[in-house]
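Engineer: One file is attached below, upload-v2.csv, containing CSV, C-alpha atoms.
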chain,number,residue,atom,x,y,z
W,1,SER,CA,2.7,-66.9,-39.0
W,2,ILE,CA,4.3,-70.3,-39.5
W,3,ALA,CA,6.5,-69.9,-36.5
W,4,GLY,CA,3.5,-68.9,-34.4
W,5,SER,CA,1.7,-72.1,-35.5
W,6,MET,CA,4.5,-74.5,-34.3
W,7,LYS,CA,2.9,-74.9,-30.9
W,8,SER,CA,-0.4,-75.9,-32.4
W,9,LEU,CA,1.4,-78.2,-34.8
W,10,LEU,CA,3.0,-80.0,-31.9
W,11,TRP,CA,-0.3,-80.6,-30.1
W,12,VAL,CA,-2.0,-81.7,-33.3
W,13,THR,CA,0.9,-84.2,-34.0
W,14,VAL,CA,0.5,-85.6,-30.4
W,15,ILE,CA,-3.2,-86.0,-30.8
W,16,LEU,CA,-2.9,-87.7,-34.2
W,17,GLY,CA,-0.1,-89.9,-32.9
W,18,MET,CA,-2.3,-91.0,-30.0
W,19,CYS,CA,-5.1,-91.9,-32.4
W,20,PHE,CA,-2.9,-93.9,-34.6
W,21,TYR,CA,-1.4,-95.7,-31.6
W,22,ILE,CA,-4.7,-96.6,-29.9
W,23,PHE,CA,-6.5,-97.7,-33.1
W,24,GLY,CA,-3.3,-99.4,-34.3
W,25,ILE,CA,-3.1,-101.5,-31.2
W,26,THR,CA,-6.8,-102.5,-31.5
W,27,PHE,CA,-6.5,-103.6,-35.1
W,28,THR,CA,-3.2,-105.4,-34.6
W,29,LEU,CA,-4.6,-107.4,-31.7
W,30,GLY,CA,-7.6,-108.2,-33.7
W,31,THR,CA,-5.4,-109.5,-36.6
W,32,VAL,CA,-3.2,-111.5,-34.3
W,33,GLU,CA,-6.2,-113.1,-32.5
W,34,HIS,CA,-7.8,-113.9,-35.8
W,35,VAL,CA,-4.9,-115.5,-37.6
W,36,GLY,CA,-2.1,-115.9,-35.1
W,37,HIS,CA,-3.3,-119.0,-33.2
W,38,ASN,CA,-4.3,-121.0,-36.3
W,39,HIS,CA,-1.4,-121.9,-38.6
W,40,GLU,CA,-3.7,-122.9,-41.4
W,41,THR,CA,-5.5,-119.5,-41.2
W,42,TRP,CA,-2.1,-117.7,-41.1
W,43,ALA,CA,-1.0,-119.5,-44.3
W,44,GLU,CA,-4.2,-118.8,-46.2
W,45,PRO,CA,-3.8,-116.4,-49.2
W,46,SER,CA,-6.9,-114.5,-48.1
W,47,THR,CA,-5.1,-113.3,-44.9
W,48,VAL,CA,-1.9,-112.1,-46.7
W,49,ALA,CA,-3.2,-108.6,-47.2
W,50,LEU,CA,-4.5,-108.4,-43.6
W,51,ARG,CA,-1.1,-109.5,-42.2
W,52,ASP,CA,0.8,-107.1,-44.5
W,53,ASP,CA,-1.4,-104.1,-43.5
W,54,PHE,CA,-2.2,-104.9,-39.8
W,55,GLY,CA,0.1,-107.7,-38.8
W,56,THR,CA,2.3,-105.5,-36.5
W,57,LEU,CA,1.7,-102.2,-34.7
W,58,GLY,CA,4.0,-100.3,-37.0
W,59,ARG,CA,2.2,-101.6,-40.1
W,60,SER,CA,-1.2,-100.8,-38.5
W,61,CYS,CA,-0.2,-97.2,-37.7
W,62,LEU,CA,1.3,-96.7,-41.2
W,63,SER,CA,-1.9,-98.1,-42.8
W,64,LEU,CA,-4.1,-95.8,-40.8
W,65,TYR,CA,-1.9,-92.8,-41.7
W,66,MET,CA,-2.1,-93.7,-45.4
W,67,ALA,CA,-5.8,-94.2,-45.2
W,68,MET,CA,-6.3,-90.7,-43.6
W,69,ALA,CA,-3.7,-88.9,-45.7
W,70,GLY,CA,-4.8,-90.4,-49.0
W,71,GLY,CA,-1.7,-92.4,-49.7
W,72,ARG,CA,-4.0,-95.3,-50.4
W,73,SER,CA,-7.7,-95.6,-50.6
W,74,TRP,CA,-9.3,-96.3,-47.3
W,75,GLY,CA,-11.8,-98.5,-49.1
W,76,GLU,CA,-9.1,-101.0,-49.8
W,77,TYR,CA,-8.2,-101.2,-46.1
W,78,TYR,CA,-11.9,-101.6,-45.3
W,79,LYS,CA,-12.1,-104.7,-47.7
W,80,VAL,CA,-9.0,-106.2,-46.0
W,81,MET,CA,-10.6,-105.5,-42.6
W,82,LYS,CA,-13.8,-107.4,-43.5
W,83,THR,CA,-12.0,-110.7,-43.0
W,84,LEU,CA,-12.1,-109.9,-39.2
W,85,PRO,CA,-15.2,-109.9,-37.1
W,86,TRP,CA,-17.7,-107.2,-37.8
W,87,GLN,CA,-16.6,-105.0,-34.8
W,88,TYR,CA,-13.3,-104.2,-36.5
W,89,PRO,CA,-14.6,-103.0,-39.9
W,90,ALA,CA,-17.1,-100.9,-37.9
W,91,LEU,CA,-14.4,-99.5,-35.7
W,92,PHE,CA,-12.3,-98.7,-38.8
W,93,LEU,CA,-15.3,-96.7,-40.2
W,94,VAL,CA,-15.5,-94.9,-36.9
W,95,PHE,CA,-11.8,-94.1,-37.1
W,96,MET,CA,-12.1,-92.7,-40.7
W,97,THR,CA,-15.1,-90.6,-39.8
W,98,PHE,CA,-13.3,-89.3,-36.7
W,99,ALA,CA,-10.1,-88.6,-38.6
W,100,ILE,CA,-11.6,-87.0,-41.7
W,101,CYS,CA,-14.6,-85.1,-40.2
W,102,ALA,CA,-13.2,-84.2,-36.8
W,103,VAL,CA,-9.4,-84.2,-36.6
W,104,LEU,CA,-8.6,-82.8,-40.0
W,105,ASN,CA,-11.2,-80.0,-39.7
W,106,ILE,CA,-10.0,-79.2,-36.3
W,107,VAL,CA,-6.4,-79.2,-37.5
W,108,THR,CA,-7.3,-76.8,-40.3
W,109,ALA,CA,-9.2,-74.5,-37.9
W,110,VAL,CA,-6.3,-74.5,-35.4
W,111,PHE,CA,-3.8,-73.5,-38.1
W,112,VAL,CA,-6.0,-70.8,-39.5
W,113,ASP,CA,-6.7,-69.4,-36.1
W,114,SER,CA,-3.0,-69.6,-35.1
W,115,ALA,CA,-2.0,-67.9,-38.4
W,116,PHE,CA,-4.7,-65.2,-37.8
W,117,GLN,CA,-3.5,-64.6,-34.2
W,118,ALA,CA,0.1,-64.4,-35.4
W,119,SER,CA,-0.8,-62.0,-38.2
W,120,HIS,CA,-2.7,-59.8,-35.7
W,121,GLN,CA,0.2,-59.7,-33.4
W,122,ILE,CA,2.6,-58.8,-36.2
W,123,ARG,CA,0.2,-56.1,-37.3
W,124,GLN,CA,0.1,-54.6,-33.8
W,125,VAL,CA,3.9,-54.6,-33.7
W,126,ILE,CA,4.0,-52.8,-37.0
W,127,ILE,CA,1.5,-50.2,-35.8
W,128,HIS,CA,3.4,-49.7,-32.6
W,129,GLU,CA,6.7,-49.3,-34.4
W,130,GLU,CA,5.0,-46.8,-36.8
W,131,LEU,CA,3.7,-44.8,-33.9
W,132,ILE,CA,7.1,-44.7,-32.3
W,133,GLN,CA,8.7,-43.6,-35.6
W,134,LYS,CA,6.1,-40.9,-36.0
W,135,ARG,CA,6.7,-39.5,-32.5
W,136,GLU,CA,10.5,-39.5,-33.1
W,137,HIS,CA,9.9,-37.8,-36.5
W,138,LEU,CA,7.7,-35.1,-35.0
W,139,SER,CA,10.1,-34.5,-32.2
W,140,ALA,CA,12.9,-33.9,-34.7
W,141,LEU,CA,10.7,-31.6,-36.7
W,142,ARG,CA,9.9,-29.7,-33.5
W,143,ASP,CA,13.6,-29.3,-32.8
W,144,LEU,CA,14.1,-28.1,-36.3
W,145,PHE,CA,11.3,-25.5,-36.0
W,146,THR,CA,12.9,-24.2,-32.8
W,147,GLU,CA,16.2,-23.9,-34.5
W,148,MET,CA,14.7,-22.1,-37.5
W,149,ASP,CA,12.7,-19.7,-35.4
W,150,SER,CA,15.6,-17.3,-34.7
W,151,SER,CA,13.3,-14.6,-33.2
W,152,GLY,CA,11.9,-17.1,-30.7
W,153,ASP,CA,8.3,-15.9,-31.1
W,154,GLY,CA,6.9,-19.3,-32.1
W,155,LEU,CA,6.2,-18.1,-35.7
W,156,LEU,CA,8.3,-18.7,-38.7
W,157,THR,CA,8.5,-16.0,-41.4
W,158,ILE,CA,9.6,-16.4,-45.0
W,159,ASP,CA,12.9,-14.6,-44.3
W,160,GLU,CA,13.7,-16.9,-41.4
W,161,PHE,CA,12.7,-19.9,-43.5
W,162,GLU,CA,14.9,-19.0,-46.4
W,163,ASP,CA,17.8,-18.0,-44.1
W,164,ARG,CA,17.9,-21.3,-42.4
W,165,LEU,CA,17.7,-23.2,-45.7
W,166,CYS,CA,21.2,-22.0,-46.3
W,167,ASP,CA,22.4,-24.4,-43.6
W,168,GLU,CA,23.5,-27.7,-45.1
W,169,ARG,CA,22.2,-29.6,-42.0
W,170,VAL,CA,18.7,-28.2,-42.6
W,171,ILE,CA,18.8,-29.1,-46.3
W,172,ALA,CA,20.0,-32.6,-45.5
W,173,PHE,CA,17.2,-33.1,-43.0
W,174,PHE,CA,14.6,-32.0,-45.6
W,175,LYS,CA,16.2,-34.3,-48.2
W,176,ALA,CA,16.0,-37.2,-45.8
W,177,MET,CA,12.3,-36.5,-45.7
W,178,LYS,CA,12.3,-36.4,-49.5
W,179,LEU,CA,11.2,-32.7,-49.5
W,180,ASP,CA,12.3,-30.6,-52.4
W,181,VAL,CA,13.6,-27.3,-50.9
W,182,THR,CA,14.9,-25.8,-54.2
W,183,ASP,CA,11.8,-23.6,-54.3
W,184,SER,CA,11.7,-22.3,-50.7
W,185,ARG,CA,8.8,-19.9,-51.3
W,186,ALA,CA,6.6,-22.6,-52.8
W,187,LEU,CA,7.3,-24.9,-49.8
W,188,PHE,CA,6.6,-22.1,-47.4
W,189,SER,CA,3.3,-21.4,-49.1
W,190,LEU,CA,2.3,-25.0,-48.7
W,191,LEU,CA,3.1,-24.9,-45.0
W,192,ASP,CA,1.3,-21.6,-44.5
W,193,LYS,CA,-2.3,-23.0,-44.6
W,194,ASP,CA,-4.0,-19.9,-43.3
W,195,ASN,CA,-2.1,-17.6,-45.7
W,196,SER,CA,-0.9,-15.4,-42.8
W,197,SER,CA,2.7,-15.1,-44.2
W,198,GLN,CA,3.7,-16.9,-40.9
W,199,VAL,CA,4.0,-20.5,-40.0
W,200,ASP,CA,3.3,-21.7,-36.5
W,201,ILE,CA,4.5,-24.9,-34.9
W,202,VAL,CA,1.3,-26.8,-35.7
W,203,GLU,CA,1.3,-25.8,-39.4
W,204,PHE,CA,5.0,-26.7,-39.7
W,205,LEU,CA,4.6,-30.1,-38.1
W,206,GLU,CA,1.4,-31.0,-40.0
W,207,GLY,CA,2.7,-29.7,-43.3
W,208,CYS,CA,6.1,-31.3,-43.2
W,209,TYR,CA,4.6,-34.6,-42.1
W,210,GLN,CA,2.0,-34.6,-44.9
W,211,LEU,CA,4.4,-33.5,-47.6
W,212,GLN,CA,7.2,-36.0,-46.8
W,213,GLY,CA,7.7,-38.6,-49.5
W,214,GLU,CA,8.5,-38.3,-53.2
W,215,SER,CA,9.0,-34.9,-54.7
W,216,GLN,CA,6.0,-35.3,-56.9
W,217,SER,CA,3.8,-34.9,-53.8
W,218,ILE,CA,5.0,-31.3,-53.4
W,219,ASP,CA,4.2,-30.6,-57.1
W,220,THR,CA,0.8,-32.1,-56.6
W,221,LYS,CA,0.2,-29.9,-53.5
W,222,ILE,CA,1.4,-26.8,-55.4
W,223,LEU,CA,-0.9,-27.6,-58.3
W,224,ARG,CA,-3.8,-28.2,-55.9
W,225,ILE,CA,-3.2,-24.7,-54.3
W,226,GLN,CA,-3.1,-23.1,-57.7
W,227,VAL,CA,-6.3,-24.8,-58.7
W,228,THR,CA,-8.0,-23.7,-55.5
W,229,CYS,CA,-6.9,-20.1,-56.0
W,230,LEU,CA,-8.2,-20.2,-59.5
W,231,VAL,CA,-11.6,-21.6,-58.4
W,232,ASP,CA,-11.8,-18.8,-55.7
W,233,LYS,CA,-11.1,-16.2,-58.3
W,234,MET,CA,-13.7,-17.6,-60.6
W,235,LYS,CA,-16.3,-17.6,-57.8
W,236,SER,CA,-15.4,-14.0,-57.1
W,237,LEU,CA,-15.8,-13.0,-60.7
W,238,GLU,CA,-19.1,-14.8,-60.9
W,239,GLU,CA,-20.4,-13.0,-57.8
W,240,MET,CA,-19.2,-9.6,-59.2
W,241,GLN,CA,-21.0,-10.4,-62.5
W,242,GLN,CA,-24.2,-11.3,-60.7
W,243,THR,CA,-23.9,-8.1,-58.7
W,244,LEU,CA,-23.4,-6.0,-61.8
W,245,LEU,CA,-26.3,-7.6,-63.6
W,246,GLY,CA,-28.5,-6.9,-60.6
W,247,HIS,CA,-27.6,-3.2,-60.6
W,248,SER,CA,-28.2,-3.0,-64.4
W,249,ARG,CA,-31.7,-4.3,-64.0
Can you present the structure in this file as structure tokens?
Structural biologist:
Amino acid sequence: SIAGSMKSLLWVTVILGMCFYIFGITFTLGTVEHVGHNHETWAEPSTVALRDDFGTLGRSCLSLYMAMAGGRSWGEYYKVMKTLPWQYPALFLVFMTFAICAVLNIVTAVFVDSAFQASHQIRQVIIHEELIQKREHLSALRDLFTEMDSSGDGLLTIDEFEDRLCDERVIAFFKAMKLDVTDSRALFSLLDKDNSSQVDIVEFLEGCYQLQGESQSIDTKILRIQVTCLVDKMKSLEEMQQTLLGHSR
């Protein structure tokens, strides 16, 4: 986000530099015209602060920067400026109003917008990379299913599943997915969503992709299946009980 805001930072710096330069020239010329041609006025103690703050272009720009950035109270500069004709204090107030209410708010808005845009672009890149990784992962799973389906009928049985789990390459692949294959029948039952004792390519891809992660996720899935079976059996018993009560009446 910071790197994406560098372009906006450059333009903001240019705009602020131009403001300091233009107003600095104006205040410096006003100071020189007021005290520069009169040696008595130049030596007066009342003009020392004016000469120190706005006697040269560099001092004027620095004073304007400090007034805007809070390095020194702008009220102090305004009191110093009051020794000049009324146009200059009024112009100083215009500068402060423009700098505080306009420039700084615009700078903040530009940086926030730039950071938001950069964050949005980074998020899109992450999503794109995630989609690519998912496609590659599913492609590898599809190749694994084809390799495990020794009969070539597009269906994976428990015997084929257990037989291929003897292959160290298959075990390594499942471990890379953080899938626990020590209980092959439990894993097969998780993949077999329709309880047909066979797993097709869709069930295999969806099941493996959903189960990938820490081994606790498989335990949770197994527990969920057991609870579901228990709930189904309880419903069946309840229906049988209601049927028997109906016949007894």
Engineer: Hey, which of W:Lys79, W:Arg142, W:Arg72, W:His120 ends up closest to W:Thr47? Count all atoms listed in the file.
Structural biologist: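 Between W:Lys79, W:Arg142, W:Arg72, W:His120, the residue approaching W:Thr47 most closely is W:Lys79.
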Engineer: Skipping near chain neighbours, those fewer than 6 positions away, what residues fall within 7 Å of stretch 156-166 of chain W using all atoms listed in the file, listed as a JSON list (two decimals) with C-alpha atoms, in the coordinates of the input?
Structural biologist:
[["chain", "number", "residue", "atom", "x", "y", "z"],
["W", 148, "MET", "CA", 14.70, -22.10, -37.50],
["W", 149, "ASP", "CA", 12.70, -19.70, -35.40],
["W", 150, "SER", "CA", 15.60, -17.30, -34.70],
["W", 184, "SER", "CA", 11.70, -22.30, -50.70],
["W", 188, "PHE", "CA", 6.60, -22.10, -47.40],
["W", 197, "SER", "CA", 2.70, -15.10, -44.20],
["W", 198, "GLN", "CA", 3.70, -16.90, -40.90],
["W", 199, "VAL", "CA", 4.00, -20.50, -40.00],
["W", 200, "ASP", "CA", 3.30, -21.70, -36.50]]
Engineer: Show which residues sit within 10 Å of W:Ala140, as a PyMOL selection string. Count all atoms listed in the file, and ignore same-chain residues fewer than 5 positions away.
Structural biologist: chain W and resi 134-135+145-146+173+205
Engineer: Could you tell me how far atom CA of W:Tyr78 lies from atom CA of W:Leu93, in Å and to one decimal?
Structural biologist: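 Here the two named atoms are 7.8 Å from each other.
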Engineer: Name the residues in contact with W:Phe92 at a cut-off of 12 Å, using only C-alpha atoms, excluding same-chain residues fewer than 4 positions from it; report them as a PyMOL selection string.
Structural biologist: chain W and resi 19-20+22-24+26-27+30+54+60+63-64+67-68+74-82+84-88+96-99
Engineer: What does the distance from atom CA of W:Gly70 to atom CA of W:Phe95 come to in Å, to one decimal?
Structural biologist: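 Going from atom CA of W:Gly70 over to atom CA of W:Phe95, I get 14.3 Å.
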Engineer: When you count all atoms listed in the file, which of these residues is closest to W:Ile171: W:Leu191, W:Val35, W:Leu144, W:Val94?
Structural biologist: W:Leu144
